[in-house]
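Shown next: entry.cif, given as mmCIF, C-alpha atoms.
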data_input
loop_
_atom_site.group_PDB
_atom_site.id
_atom_site.type_symbol
_atom_site.label_atom_id
_atom_site.label_comp_id
_atom_site.auth_asym_id
_atom_site.auth_seq_id
_atom_site.Cartn_x
_atom_site.Cartn_y
_atom_site.Cartn_z
ATOM 1 C CA MET A 1250 87.613 236.323 10.444
ATOM 2 C CA PRO A 1251 85.933 239.609 11.511
ATOM 3 C CA LYS A 1252 88.018 241.879 13.690
ATOM 4 C CA VAL A 1253 86.756 242.743 17.139
ATOM 5 C CA LYS A 1254 86.511 246.363 18.070
ATOM 6 C CA ARG A 1255 88.692 247.532 20.930
ATOM 7 C CA GLN A 1256 87.193 250.450 22.786
ATOM 8 C CA LYS A 1257 88.061 252.672 25.701
ATOM 9 C CA PHE A 1258 85.184 253.515 27.955
ATOM 10 C CA GLY A 1259 84.575 256.457 30.187
ATOM 11 C CA TYR A 1260 81.711 257.601 32.318
ATOM 12 C CA SER A 1261 80.110 259.260 29.298
ATOM 13 C CA HIS A 1262 79.492 255.805 27.814
ATOM 14 C CA ASN A 1263 76.675 255.333 30.312
ATOM 15 C CA ASN A 1264 74.595 257.955 28.476
ATOM 16 C CA GLN A 1265 73.533 259.558 31.758
ATOM 17 C CA THR A 1266 72.489 263.205 31.691
ATOM 18 C CA LYS A 1267 73.552 265.746 34.283
ATOM 19 C CA ASN A 1268 70.029 265.703 35.659
ATOM 20 C CA ASP A 1269 70.290 261.938 36.149
ATOM 21 C CA THR A 1270 73.468 262.464 38.158
ATOM 22 C CA LYS A 1271 71.755 264.936 40.463
ATOM 23 C CA ALA A 1272 68.684 262.782 41.068
ATOM 24 C CA SER A 1273 67.783 262.195 44.696
ATOM 25 C CA ASN A 1274 67.062 259.067 46.764
ATOM 26 C CA GLY A 1275 69.747 257.024 45.045
ATOM 27 C CA THR A 1276 68.021 257.067 41.646
ATOM 28 C CA ALA A 1277 71.245 257.945 39.845
ATOM 29 C CA ALA A 1278 73.164 255.155 41.516
ATOM 30 C CA ARG A 1279 70.537 252.674 40.459
ATOM 31 C CA SER A 1280 70.509 253.991 36.889
ATOM 32 C CA LEU A 1281 74.252 253.372 36.575
ATOM 33 C CA ALA A 1282 73.814 249.675 37.284
ATOM 34 C CA PRO A 1283 73.792 247.581 34.094
ATOM 35 C CA LEU A 1284 70.660 245.798 33.022
ATOM 36 C CA PHE A 1285 71.495 242.127 32.671
ATOM 37 C CA ASN A 1286 70.311 240.540 29.450
ATOM 38 C CA LYS A 1287 69.201 236.933 29.998
ATOM 39 C CA ASP A 1288 69.021 236.442 26.226
ATOM 40 C CA LEU A 1289 72.823 236.886 26.197
ATOM 41 C CA GLY A 1290 73.250 234.482 29.097
ATOM 42 C CA GLN A 1291 74.163 237.291 31.500
ATOM 43 C CA HIS A 1292 74.009 235.714 34.945
ATOM 44 C CA ILE A 1293 76.638 237.448 37.060
ATOM 45 C CA LEU A 1294 78.394 235.343 39.702
ATOM 46 C CA LYS A 1295 77.853 237.188 42.978
ATOM 47 C CA ASN A 1296 79.240 234.768 45.587
ATOM 48 C CA PRO A 1297 82.849 235.849 46.350
ATOM 49 C CA LEU A 1298 83.762 232.451 47.816
ATOM 50 C CA VAL A 1299 82.774 230.670 44.607
ATOM 51 C CA ALA A 1300 84.641 233.248 42.516
ATOM 52 C CA GLN A 1301 87.773 232.820 44.614
ATOM 53 C CA GLY A 1302 87.481 229.033 44.414
ATOM 54 C CA ILE A 1303 87.319 229.138 40.615
ATOM 55 C CA VAL A 1304 90.452 231.293 40.412
ATOM 56 C CA GLU A 1305 92.334 229.063 42.852
ATOM 57 C CA LYS A 1306 91.509 225.942 40.812
ATOM 58 C CA ALA A 1307 93.192 227.558 37.812
ATOM 59 C CA GLY A 1308 96.586 227.358 39.539
ATOM 60 C CA LEU A 1309 97.620 230.716 38.119
ATOM 61 C CA LYS A 1310 101.238 231.842 37.891
ATOM 62 C CA SER A 1311 102.520 235.409 38.071
ATOM 63 C CA THR A 1312 103.665 235.086 34.441
ATOM 64 C CA ASP A 1313 100.294 233.914 33.063
ATOM 65 C CA THR A 1314 98.137 235.625 30.494
ATOM 66 C CA VAL A 1315 94.524 234.721 31.227
ATOM 67 C CA LEU A 1316 91.679 234.756 28.718
ATOM 68 C CA GLU A 1317 88.362 235.494 30.388
ATOM 69 C CA VAL A 1318 85.163 234.990 28.400
ATOM 70 C CA GLY A 1319 82.141 237.016 29.517
ATOM 71 C CA PRO A 1320 83.690 238.953 32.427
ATOM 72 C CA GLY A 1321 80.464 240.812 33.161
ATOM 73 C CA THR A 1322 81.069 243.359 35.900
ATOM 74 C CA GLY A 1323 84.416 241.823 36.844
ATOM 75 C CA ASN A 1324 83.819 239.730 39.962
ATOM 76 C CA LEU A 1325 86.171 237.067 38.604
ATOM 77 C CA THR A 1326 88.385 239.520 36.732
ATOM 78 C CA VAL A 1327 89.607 241.435 39.780
ATOM 79 C CA ARG A 1328 90.611 238.181 41.470
ATOM 80 C CA ILE A 1329 92.453 236.953 38.400
ATOM 81 C CA LEU A 1330 94.321 240.268 38.181
ATOM 82 C CA GLY A 1331 95.478 239.705 41.757
ATOM 83 C CA THR A 1332 97.695 236.831 40.562
ATOM 84 C CA ALA A 1333 98.130 236.803 36.787
ATOM 85 C CA LYS A 1334 100.385 239.020 34.705
ATOM 86 C CA LYS A 1335 97.636 240.015 32.263
ATOM 87 C CA VAL A 1336 93.938 239.453 31.578
ATOM 88 C CA VAL A 1337 92.373 239.558 28.125
ATOM 89 C CA ALA A 1338 88.610 239.824 28.673
ATOM 90 C CA VAL A 1339 86.190 239.230 25.786
ATOM 91 C CA GLU A 1340 82.811 240.834 26.445
ATOM 92 C CA THR A 1341 79.978 241.098 23.928
ATOM 93 C CA ASP A 1342 78.020 243.795 25.812
ATOM 94 C CA PRO A 1343 79.588 247.301 25.722
ATOM 95 C CA ARG A 1344 77.618 248.320 28.836
ATOM 96 C CA LEU A 1345 79.221 245.626 30.941
ATOM 97 C CA ALA A 1346 82.628 246.339 29.428
ATOM 98 C CA ALA A 1347 82.229 249.948 30.557
ATOM 99 C CA GLU A 1348 81.346 248.826 34.085
ATOM 100 C CA LEU A 1349 84.471 246.656 34.172
ATOM 101 C CA VAL A 1350 86.665 249.553 33.003
ATOM 102 C CA LYS A 1351 85.291 251.746 35.766
ATOM 103 C CA ARG A 1352 86.003 249.049 38.318
ATOM 104 C CA VAL A 1353 89.759 249.109 37.654
ATOM 105 C CA GLN A 1354 90.083 252.735 36.577
ATOM 106 C CA GLY A 1355 92.958 254.498 38.302
ATOM 107 C CA LYS A 1356 94.243 251.258 39.841
ATOM 108 C CA PRO A 1357 97.485 249.419 38.990
ATOM 109 C CA GLU A 1358 95.408 246.568 37.527
ATOM 110 C CA GLN A 1359 94.125 248.872 34.779
ATOM 111 C CA LYS A 1360 97.323 248.510 32.741
ATOM 112 C CA ARG A 1361 97.131 244.718 32.911
ATOM 113 C CA LEU A 1362 93.538 244.450 31.654
ATOM 114 C CA ASN A 1363 92.771 244.345 27.947
ATOM 115 C CA ILE A 1364 89.059 244.326 27.079
ATOM 116 C CA MET A 1365 87.968 243.103 23.645
ATOM 117 C CA VAL A 1366 84.381 244.040 22.864
ATOM 118 C CA GLY A 1367 82.653 241.671 20.471
ATOM 119 C CA ASP A 1368 81.303 238.201 19.836
ATOM 120 C CA PHE A 1369 83.703 235.622 21.279
ATOM 121 C CA LEU A 1370 82.931 233.118 18.524
ATOM 122 C CA LYS A 1371 83.999 235.657 15.880
ATOM 123 C CA THR A 1372 87.026 236.889 17.782
ATOM 124 C CA GLU A 1373 90.581 236.067 16.749
ATOM 125 C CA LEU A 1374 92.018 234.983 20.063
ATOM 126 C CA PRO A 1375 95.453 236.144 21.208
ATOM 127 C CA TYR A 1376 97.989 233.997 23.033
ATOM 128 C CA PHE A 1377 96.897 232.881 26.518
ATOM 129 C CA ASP A 1378 98.041 230.378 29.140
ATOM 130 C CA VAL A 1379 94.767 229.808 30.987
ATOM 131 C CA CYS A 1380 91.103 230.420 30.176
ATOM 132 C CA ILE A 1381 88.523 231.189 32.852
ATOM 133 C CA SER A 1382 84.881 231.630 31.941
ATOM 134 C CA ASN A 1383 81.437 231.978 33.465
ATOM 135 C CA THR A 1384 80.187 230.801 30.100
ATOM 136 C CA PRO A 1385 77.010 232.131 28.461
ATOM 137 C CA TYR A 1386 75.008 228.920 28.145
ATOM 138 C CA GLN A 1387 74.072 229.350 24.494
ATOM 139 C CA ILE A 1388 77.724 229.246 23.329
ATOM 140 C CA SER A 1389 78.894 226.404 25.587
ATOM 141 C CA SER A 1390 79.651 223.811 22.915
ATOM 142 C CA PRO A 1391 81.201 226.084 20.256
ATOM 143 C CA LEU A 1392 83.275 227.803 22.960
ATOM 144 C CA ILE A 1393 84.914 224.527 23.973
ATOM 145 C CA PHE A 1394 85.814 223.542 20.429
ATOM 146 C CA LYS A 1395 87.074 227.023 19.589
ATOM 147 C CA LEU A 1396 89.402 226.769 22.586
ATOM 148 C CA LEU A 1397 90.599 223.271 21.670
ATOM 149 C CA GLU A 1398 91.341 224.409 18.117
ATOM 150 C CA HIS A 1399 93.416 227.365 19.338
ATOM 151 C CA ARG A 1400 97.163 227.265 18.784
ATOM 152 C CA PRO A 1401 99.441 227.360 20.624
ATOM 153 C CA LEU A 1402 97.680 225.147 23.141
ATOM 154 C CA PHE A 1403 96.786 226.640 26.498
ATOM 155 C CA ARG A 1404 97.633 224.957 29.832
ATOM 156 C CA CYS A 1405 94.113 224.589 31.194
ATOM 157 C CA ALA A 1406 90.626 226.091 31.178
ATOM 158 C CA ILE A 1407 88.312 226.524 34.161
ATOM 159 C CA LEU A 1408 84.822 226.811 32.722
ATOM 160 C CA MET A 1409 81.383 227.183 34.285
ATOM 161 C CA PHE A 1410 78.480 225.594 32.425
ATOM 162 C CA GLN A 1411 74.881 224.623 32.933
ATOM 163 C CA ARG A 1412 75.109 221.543 35.150
ATOM 164 C CA GLU A 1413 73.697 218.997 32.690
ATOM 165 C CA PHE A 1414 76.041 220.208 29.960
ATOM 166 C CA ALA A 1415 79.001 219.868 32.337
ATOM 167 C CA MET A 1416 77.924 216.339 33.232
ATOM 168 C CA ARG A 1417 77.865 215.431 29.537
ATOM 169 C CA LEU A 1418 81.456 216.630 29.233
ATOM 170 C CA ILE A 1419 82.699 214.239 31.919
ATOM 171 C CA ALA A 1420 80.371 211.292 31.150
ATOM 172 C CA LYS A 1421 81.974 207.888 30.556
ATOM 173 C CA PRO A 1422 80.825 204.886 28.497
ATOM 174 C CA GLY A 1423 77.714 203.414 30.103
ATOM 175 C CA ASP A 1424 76.587 206.706 31.700
ATOM 176 C CA ASN A 1425 73.146 208.000 30.743
ATOM 177 C CA LEU A 1426 74.574 211.346 29.613
ATOM 178 C CA TYR A 1427 77.422 209.826 27.570
ATOM 179 C CA CYS A 1428 77.105 211.255 24.063
ATOM 180 C CA ARG A 1429 78.916 212.558 21.011
ATOM 181 C CA LEU A 1430 79.907 215.712 22.920
ATOM 182 C CA SER A 1431 81.495 213.603 25.667
ATOM 183 C CA ILE A 1432 83.756 211.610 23.381
ATOM 184 C CA ASN A 1433 84.634 214.473 21.038
ATOM 185 C CA VAL A 1434 85.910 216.621 23.911
ATOM 186 C CA GLN A 1435 87.601 213.726 25.725
ATOM 187 C CA LEU A 1436 89.471 212.818 22.538
ATOM 188 C CA TYR A 1437 91.403 216.074 22.831
ATOM 189 C CA ALA A 1438 91.417 216.879 26.540
ATOM 190 C CA LYS A 1439 91.252 215.594 30.090
ATOM 191 C CA VAL A 1440 88.031 216.844 31.693
ATOM 192 C CA ASP A 1441 87.358 216.916 35.452
ATOM 193 C CA HIS A 1442 84.432 218.169 37.511
ATOM 194 C CA ILE A 1443 85.533 220.850 39.975
ATOM 195 C CA MET A 1444 82.451 222.053 41.827
ATOM 196 C CA LYS A 1445 78.701 222.432 41.712
ATOM 197 C CA VAL A 1446 77.363 225.993 41.868
ATOM 198 C CA GLY A 1447 73.745 226.575 42.893
ATOM 199 C CA LYS A 1448 71.596 228.980 40.910
ATOM 200 C CA ASN A 1449 71.247 231.322 43.906
ATOM 201 C CA ASN A 1450 74.907 232.278 43.513
ATOM 202 C CA PHE A 1451 74.042 234.355 40.432
ATOM 203 C CA LYS A 1452 72.284 237.623 39.714
ATOM 204 C CA PRO A 1453 69.811 237.303 38.127
ATOM 205 C CA SER A 1454 69.321 233.677 39.094
ATOM 206 C CA PRO A 1455 69.208 231.212 36.181
ATOM 207 C CA GLN A 1456 66.611 228.458 36.144
ATOM 208 C CA VAL A 1457 69.136 225.647 36.681
ATOM 209 C CA ASP A 1458 72.265 224.915 38.695
ATOM 210 C CA SER A 1459 75.749 225.155 37.217
ATOM 211 C CA SER A 1460 78.990 223.208 37.469
ATOM 212 C CA VAL A 1461 82.636 224.120 36.992
ATOM 213 C CA VAL A 1462 84.934 221.844 34.991
ATOM 214 C CA ARG A 1463 88.671 221.857 34.392
ATOM 215 C CA ILE A 1464 89.846 221.080 30.847
ATOM 216 C CA GLU A 1465 93.476 220.221 30.119
ATOM 217 C CA PRO A 1466 94.201 219.719 26.394
ATOM 218 C CA TYR A 1467 96.482 216.849 25.444
ATOM 219 C CA ASN A 1468 99.797 218.151 24.176
ATOM 220 C CA PRO A 1469 100.494 217.097 21.514
ATOM 221 C CA PRO A 1470 96.905 216.510 20.378
ATOM 222 C CA PRO A 1471 96.082 213.134 18.811
ATOM 223 C CA PRO A 1472 96.846 213.032 15.059
ATOM 224 C CA ILE A 1473 93.211 212.567 14.090
ATOM 225 C CA ASP A 1474 91.274 214.330 11.338
ATOM 226 C CA PHE A 1475 88.452 215.743 13.461
ATOM 227 C CA LYS A 1476 85.991 216.043 10.590
ATOM 228 C CA GLU A 1477 86.547 212.392 9.765
ATOM 229 C CA TRP A 1478 86.220 211.385 13.429
ATOM 230 C CA ASP A 1479 83.116 213.480 14.029
ATOM 231 C CA GLY A 1480 81.501 212.102 10.852
ATOM 232 C CA LEU A 1481 81.756 208.623 12.349
ATOM 233 C CA MET A 1482 80.509 209.828 15.751
ATOM 234 C CA ARG A 1483 77.452 211.419 14.146
ATOM 235 C CA ILE A 1484 76.439 208.047 12.746
ATOM 236 C CA VAL A 1485 77.066 205.867 15.788
ATOM 237 C CA PHE A 1486 75.588 208.268 18.365
ATOM 238 C CA VAL A 1487 72.403 209.170 16.497
ATOM 239 C CA ARG A 1488 70.920 206.125 18.233
ATOM 240 C CA LYS A 1489 73.565 205.322 20.790
ATOM 241 C CA ASN A 1490 71.733 202.343 22.335
ATOM 242 C CA LYS A 1491 71.163 200.589 19.010
ATOM 243 C CA THR A 1492 73.787 198.205 17.639
ATOM 244 C CA LEU A 1493 76.369 199.685 15.297
ATOM 245 C CA ALA A 1494 75.115 197.372 12.559
ATOM 246 C CA ALA A 1495 71.606 198.820 12.935
ATOM 247 C CA ASN A 1496 72.877 202.383 12.731
ATOM 248 C CA PHE A 1497 74.893 201.687 9.595
ATOM 249 C CA LYS A 1498 72.091 199.860 7.792
ATOM 250 C CA THR A 1499 69.849 202.901 7.404
ATOM 251 C CA THR A 1500 69.356 204.036 3.809
ATOM 252 C CA SER A 1501 70.519 207.600 4.406
ATOM 253 C CA VAL A 1502 73.752 206.499 6.100
ATOM 254 C CA LEU A 1503 74.568 203.932 3.422
ATOM 255 C CA GLN A 1504 73.962 206.538 0.714
ATOM 256 C CA ILE A 1505 76.397 208.968 2.335
ATOM 257 C CA ILE A 1506 79.022 206.256 2.804
ATOM 258 C CA GLU A 1507 78.670 205.069 -0.781
ATOM 259 C CA ASN A 1508 79.035 208.613 -2.126
ATOM 260 C CA ASN A 1509 82.116 209.155 0.024
ATOM 261 C CA TYR A 1510 83.575 205.830 -1.082
ATOM 262 C CA LYS A 1511 83.122 206.600 -4.769
ATOM 263 C CA THR A 1512 84.558 210.087 -4.332
ATOM 264 C CA PHE A 1513 87.609 208.726 -2.519
ATOM 265 C CA CYS A 1514 88.222 206.106 -5.192
ATOM 266 C CA SER A 1515 87.847 208.669 -7.962
ATOM 267 C CA MET A 1516 90.256 211.133 -6.343
ATOM 268 C CA ASN A 1517 92.842 208.396 -5.829
ATOM 269 C CA ASN A 1518 92.497 206.790 -9.286
ATOM 270 C CA MET A 1519 91.109 203.582 -7.841
ATOM 271 C CA MET A 1520 88.714 201.280 -9.643
ATOM 272 C CA ILE A 1521 85.208 200.951 -8.210
ATOM 273 C CA GLU A 1522 83.915 197.401 -8.101
ATOM 274 C CA ASP A 1523 81.173 196.652 -10.641
ATOM 275 C CA THR A 1524 79.427 194.579 -8.003
ATOM 276 C CA LEU A 1525 79.806 197.137 -5.203
ATOM 277 C CA ASP A 1526 77.538 196.312 -2.268
ATOM 278 C CA ILE A 1527 78.247 199.107 0.198
ATOM 279 C CA ARG A 1528 75.987 197.602 2.848
ATOM 280 C CA GLN A 1529 77.923 194.331 2.865
ATOM 281 C CA LYS A 1530 81.208 196.207 2.757
ATOM 282 C CA VAL A 1531 80.257 198.117 5.919
ATOM 283 C CA ILE A 1532 79.079 194.964 7.698
ATOM 284 C CA ASN A 1533 82.354 193.241 6.801
ATOM 285 C CA VAL A 1534 84.298 196.062 8.475
ATOM 286 C CA LEU A 1535 82.157 195.926 11.618
ATOM 287 C CA GLN A 1536 82.586 192.173 11.836
ATOM 288 C CA SER A 1537 86.332 192.408 11.280
ATOM 289 C CA VAL A 1538 86.674 194.331 14.554
ATOM 290 C CA ASP A 1539 83.921 192.353 16.283
ATOM 291 C CA MET A 1540 81.707 195.423 16.751
ATOM 292 C CA ALA A 1541 78.616 194.678 14.664
ATOM 293 C CA GLU A 1542 76.571 194.034 17.805
ATOM 294 C CA SER A 1543 78.302 196.661 19.943
ATOM 295 C CA ARG A 1544 76.543 199.854 21.038
ATOM 296 C CA ALA A 1545 78.046 203.326 20.997
ATOM 297 C CA SER A 1546 76.813 203.976 24.533
ATOM 298 C CA LYS A 1547 79.230 201.327 25.816
ATOM 299 C CA LEU A 1548 82.297 202.036 23.658
ATOM 300 C CA GLY A 1549 85.244 204.270 24.473
ATOM 301 C CA ILE A 1550 87.790 206.300 22.524
ATOM 302 C CA ASP A 1551 90.136 203.375 21.844
ATOM 303 C CA ASP A 1552 87.242 201.329 20.450
ATOM 304 C CA PHE A 1553 86.235 204.079 18.036
ATOM 305 C CA LEU A 1554 89.819 204.731 16.969
ATOM 306 C CA LYS A 1555 90.086 201.048 16.104
ATOM 307 C CA LEU A 1556 86.805 201.199 14.192
ATOM 308 C CA LEU A 1557 87.757 204.336 12.268
ATOM 309 C CA TYR A 1558 91.083 202.782 11.263
ATOM 310 C CA ALA A 1559 89.305 199.655 10.001
ATOM 311 C CA PHE A 1560 86.894 201.729 7.907
ATOM 312 C CA ASN A 1561 89.728 203.810 6.454
ATOM 313 C CA GLN A 1562 91.645 200.669 5.564
ATOM 314 C CA ALA A 1563 88.603 199.641 3.523
ATOM 315 C CA ASN A 1564 88.662 203.104 1.844
ATOM 316 C CA ILE A 1565 85.491 204.154 3.693
ATOM 317 C CA HIS A 1566 85.610 207.722 4.940
ATOM 318 C CA PHE A 1567 83.180 210.017 6.731
ATOM 319 C CA CYS A 1568 83.923 213.463 5.389
#

Please express the file's structure as structure tokens.
Amino acid sequence: MPKVKRQKFGYSHNNQTKNDTKASNGTAARSLAPLFNKDLGQHILKNPLVAQGIVEKAGLKSTDTVLEVGPGTGNLTVRILGTAKKVVAVETDPRLAAELVKRVQGKPEQKRLNIMVGDFLKTELPYFDVCISNTPYQISSPLIFKLLEHRPLFRCAILMFQREFAMRLIAKPGDNLYCRLSINVQLYAKVDHIMKVGKNNFKPSPQVDSSVVRIEPYNPPPPIDFKEWDGLMRIVFVRKNKTLAANFKTTSVLQIIENNYKTFCSMNNMMIEDTLDIRQKVINVLQSVDMAESRASKLGIDDFLKLLYAFNQANIHFC
């Protein structure tokens, strides 16, 4: 995994000339302000009440190490530093990292702030107790799964997402937004909605509202092979309102299942039936758990665990 560069920043990092510094009418002050890059999801939270509320919901302890993703100019960071023992901030934009360094420079908090400059998804994360993030929208899903894969497990994460994405995270069976994302995250963590945050609380304003969720990973995590689980979820949620039997009868799905079945049998020195009818074999499994006419949109985690076990017992696997 690529290493992330750790850099120290000073005022020279702003690439301002002496003439810029001496400019009149506040031009220099304006030039020092970072230019927010919407392509990187840079929407800085400007409302101090919302920032304080997010930190309070984290329930921080004086012994905590906090991972902050996308600290920006530090509106959340300075509040976290007021309670936590240490903050590890991962920021992809060196300009914003420099602004954050300046904000704590010469203060006691400076020694308790460690800034890692680089792409969060390529960063080897250190130990942390709590994660707080005003998440860049384009990395929302991979960020969650990177956190849930991290060991040792953290206590909780307070994460801000685009509102519809957040609603998918907390959706339950029967909800319109219930999807593969919902059940994959809920398999490994308890997810709660904390607050709605209007788009006017950011600078620059995004086009949609946001929501804050609290994620608490189950410890220990369920002993499930995630690739196997997600392979099943990909099939059943591709058309979540169709019956499971209908989803499994498609030619492409049956071909994948048959290939997996033959591979599994070969690797385990098992004979493959001369009269193998993979379609009937799949239907038999669905009927054995009385789910042939069930729909993914209405089923919960326990239902799918039962289904996955039944398939595995019939030597049918999904990865």

The PyMOL selection byres ((chain A and resi 1481) around 9) applied to the shown file, residues as a PDB file with C-alpha atoms, in the frame of the given file:
ATOM      1  CA  LYS A1476      85.991 216.043  10.590  1.00  0.00           C
ATOM      2  CA  GLU A1477      86.547 212.392   9.765  1.00  0.00           C
ATOM      3  CA  TRP A1478      86.220 211.385  13.429  1.00  0.00           C
ATOM      4  CA  ASP A1479      83.116 213.480  14.029  1.00  0.00           C
ATOM      5  CA  GLY A1480      81.501 212.102  10.852  1.00  0.00           C
ATOM      6  CA  MET A1482      80.509 209.828  15.751  1.00  0.00           C
ATOM      7  CA  ARG A1483      77.452 211.419  14.146  1.00  0.00           C
ATOM      8  CA  ILE A1484      76.439 208.047  12.746  1.00  0.00           C
ATOM      9  CA  VAL A1485      77.066 205.867  15.788  1.00  0.00           C
ATOM     10  CA  PHE A1486      75.588 208.268  18.365  1.00  0.00           C
ATOM     11  CA  PHE A1553      86.235 204.079  18.036  1.00  0.00           C
ATOM     12  CA  LEU A1557      87.757 204.336  12.268  1.00  0.00           C
ATOM     13  CA  HIS A1566      85.610 207.722   4.940  1.00  0.00           C
ATOM     14  CA  PHE A1567      83.180 210.017   6.731  1.00  0.00           C
ATOM     15  CA  CYS A1568      83.923 213.463   5.389  1.00  0.00           C
TER      16      CYS A1568
END

Residue list as a VMD selection string for point (90.6, 219.2, 20.4), cut-off 12 Å, only C-alpha atoms = chain A and resid 1391 to 1400 1402 to 1403 1430 to 1440 1464 to 1476 1478 to 1479

Selection from above, C-alpha atoms, as a compact mmCIF listing (two decimals), in the frame of the given file, can you write it?
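Okay, this is what ended up in selection15.txt:
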# COMPACT_ATOMS: atom_id res chain seq x y z
CA PRO A 1391 81.20 226.08 20.26
CA LEU A 1392 83.28 227.80 22.96
CA ILE A 1393 84.91 224.53 23.97
CA PHE A 1394 85.81 223.54 20.43
CA LYS A 1395 87.07 227.02 19.59
CA LEU A 1396 89.40 226.77 22.59
CA LEU A 1397 90.60 223.27 21.67
CA GLU A 1398 91.34 224.41 18.12
CA HIS A 1399 93.42 227.36 19.34
CA ARG A 1400 97.16 227.26 18.78
CA LEU A 1402 97.68 225.15 23.14
CA PHE A 1403 96.79 226.64 26.50
CA LEU A 1430 79.91 215.71 22.92
CA SER A 1431 81.50 213.60 25.67
CA ILE A 1432 83.76 211.61 23.38
CA ASN A 1433 84.63 214.47 21.04
CA VAL A 1434 85.91 216.62 23.91
CA GLN A 1435 87.60 213.73 25.72
CA LEU A 1436 89.47 212.82 22.54
CA TYR A 1437 91.40 216.07 22.83
CA ALA A 1438 91.42 216.88 26.54
CA LYS A 1439 91.25 215.59 30.09
CA VAL A 1440 88.03 216.84 31.69
CA ILE A 1464 89.85 221.08 30.85
CA GLU A 1465 93.48 220.22 30.12
CA PRO A 1466 94.20 219.72 26.39
CA TYR A 1467 96.48 216.85 25.44
CA ASN A 1468 99.80 218.15 24.18
CA PRO A 1469 100.49 217.10 21.51
CA PRO A 1470 96.90 216.51 20.38
CA PRO A 1471 96.08 213.13 18.81
CA PRO A 1472 96.85 213.03 15.06
CA ILE A 1473 93.21 212.57 14.09
CA ASP A 1474 91.27 214.33 11.34
CA PHE A 1475 88.45 215.74 13.46
CA LYS A 1476 85.99 216.04 10.59
CA TRP A 1478 86.22 211.38 13.43
CA ASP A 1479 83.12 213.48 14.03

Applied to this file, what does the PyMOL selection byres ((chain A and resi 1375) around 10) return in terms of residues, put as a PyMOL selection string?
-> chain A and resi 1314+1316+1337+1372-1374+1376-1377+1399-1401

Might you pull out every residue within 12 Å of Cys1514 of chain A, with all atoms listed in the file counted and same-chain residues fewer than 4 positions away left off, and present them as a ChimeraX atom specification?
-> /A:1507-1510,1518-1522,1561,1563-1566

Expected selection from the PyMOL selection byres ((chain A and resi 1533) around 12), given as a ChimeraX atom specification | /A:1494,1497,1526-1532,1534-1541,1556,1559-1560,1562-1563,1565

Just to be explicit: take each residue in the selection above, keep C-alpha atoms, and write the result as an mmCIF file, in the frame of the given file.
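Okay, out_29.cif is ready:
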data_model
loop_
_atom_site.group_PDB
_atom_site.id
_atom_site.type_symbol
_atom_site.label_atom_id
_atom_site.label_comp_id
_atom_site.auth_asym_id
_atom_site.auth_seq_id
_atom_site.Cartn_x
_atom_site.Cartn_y
_atom_site.Cartn_z
ATOM 1 C CA ALA A 1494 75.115 197.372 12.559
ATOM 2 C CA PHE A 1497 74.893 201.687 9.595
ATOM 3 C CA ASP A 1526 77.538 196.312 -2.268
ATOM 4 C CA ILE A 1527 78.247 199.107 0.198
ATOM 5 C CA ARG A 1528 75.987 197.602 2.848
ATOM 6 C CA GLN A 1529 77.923 194.331 2.865
ATOM 7 C CA LYS A 1530 81.208 196.207 2.757
ATOM 8 C CA VAL A 1531 80.257 198.117 5.919
ATOM 9 C CA ILE A 1532 79.079 194.964 7.698
ATOM 10 C CA VAL A 1534 84.298 196.062 8.475
ATOM 11 C CA LEU A 1535 82.157 195.926 11.618
ATOM 12 C CA GLN A 1536 82.586 192.173 11.836
ATOM 13 C CA SER A 1537 86.332 192.408 11.280
ATOM 14 C CA VAL A 1538 86.674 194.331 14.554
ATOM 15 C CA ASP A 1539 83.921 192.353 16.283
ATOM 16 C CA MET A 1540 81.707 195.423 16.751
ATOM 17 C CA ALA A 1541 78.616 194.678 14.664
ATOM 18 C CA LEU A 1556 86.805 201.199 14.192
ATOM 19 C CA ALA A 1559 89.305 199.655 10.001
ATOM 20 C CA PHE A 1560 86.894 201.729 7.907
ATOM 21 C CA GLN A 1562 91.645 200.669 5.564
ATOM 22 C CA ALA A 1563 88.603 199.641 3.523
ATOM 23 C CA ILE A 1565 85.491 204.154 3.693
#

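Closest approach to Ala1420 of chain A among A:His1442, A:Lys1511, A:Lys1371, A:Lys1334: A:His1442, based on only C-alpha atoms.
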
Students should find that atom CA of Val1304 of chain A and atom CA of Ile1381 of chain A are spaced 7.8 Å

For atom CA of Asn1324 of chain A and atom CA of Ser1460 of chain A, determine how far apart the two atoms are, in Å to one decimal place.
-> 17.4 Å

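The spacing separating atom CA of Lys1448 of chain A from atom CA of Ile1303 of chain A amounts to 15.7 Å.
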
Near Val1327 of chain A, within 12 Å and counting all atoms listed in the file, which residues show up once chain neighbours fewer than 5 positions away are dropped, as number ranges by chain?
-> A: 1297, 1300-1301, 1304, 1315, 1317, 1320-1322, 1332-1333, 1335-1336, 1338, 1349-1354, 1356-1359, 1361-1362

So which residues touch Lys1489 of chain A within 10 Å, counting all atoms listed in the file, skipping near sequence neighbours fewer than 4 positions away, as a VMD selection string?
-> chain A and resid 1427 to 1429 1482 to 1485 1493 1496 1543 to 1548

Between A:Ala1406, A:Val1462, A:Leu1345, A:Val1446, which one has atoms that come closest to Cys1380 of chain A, using only C-alpha atoms?
-> A:Ala1406
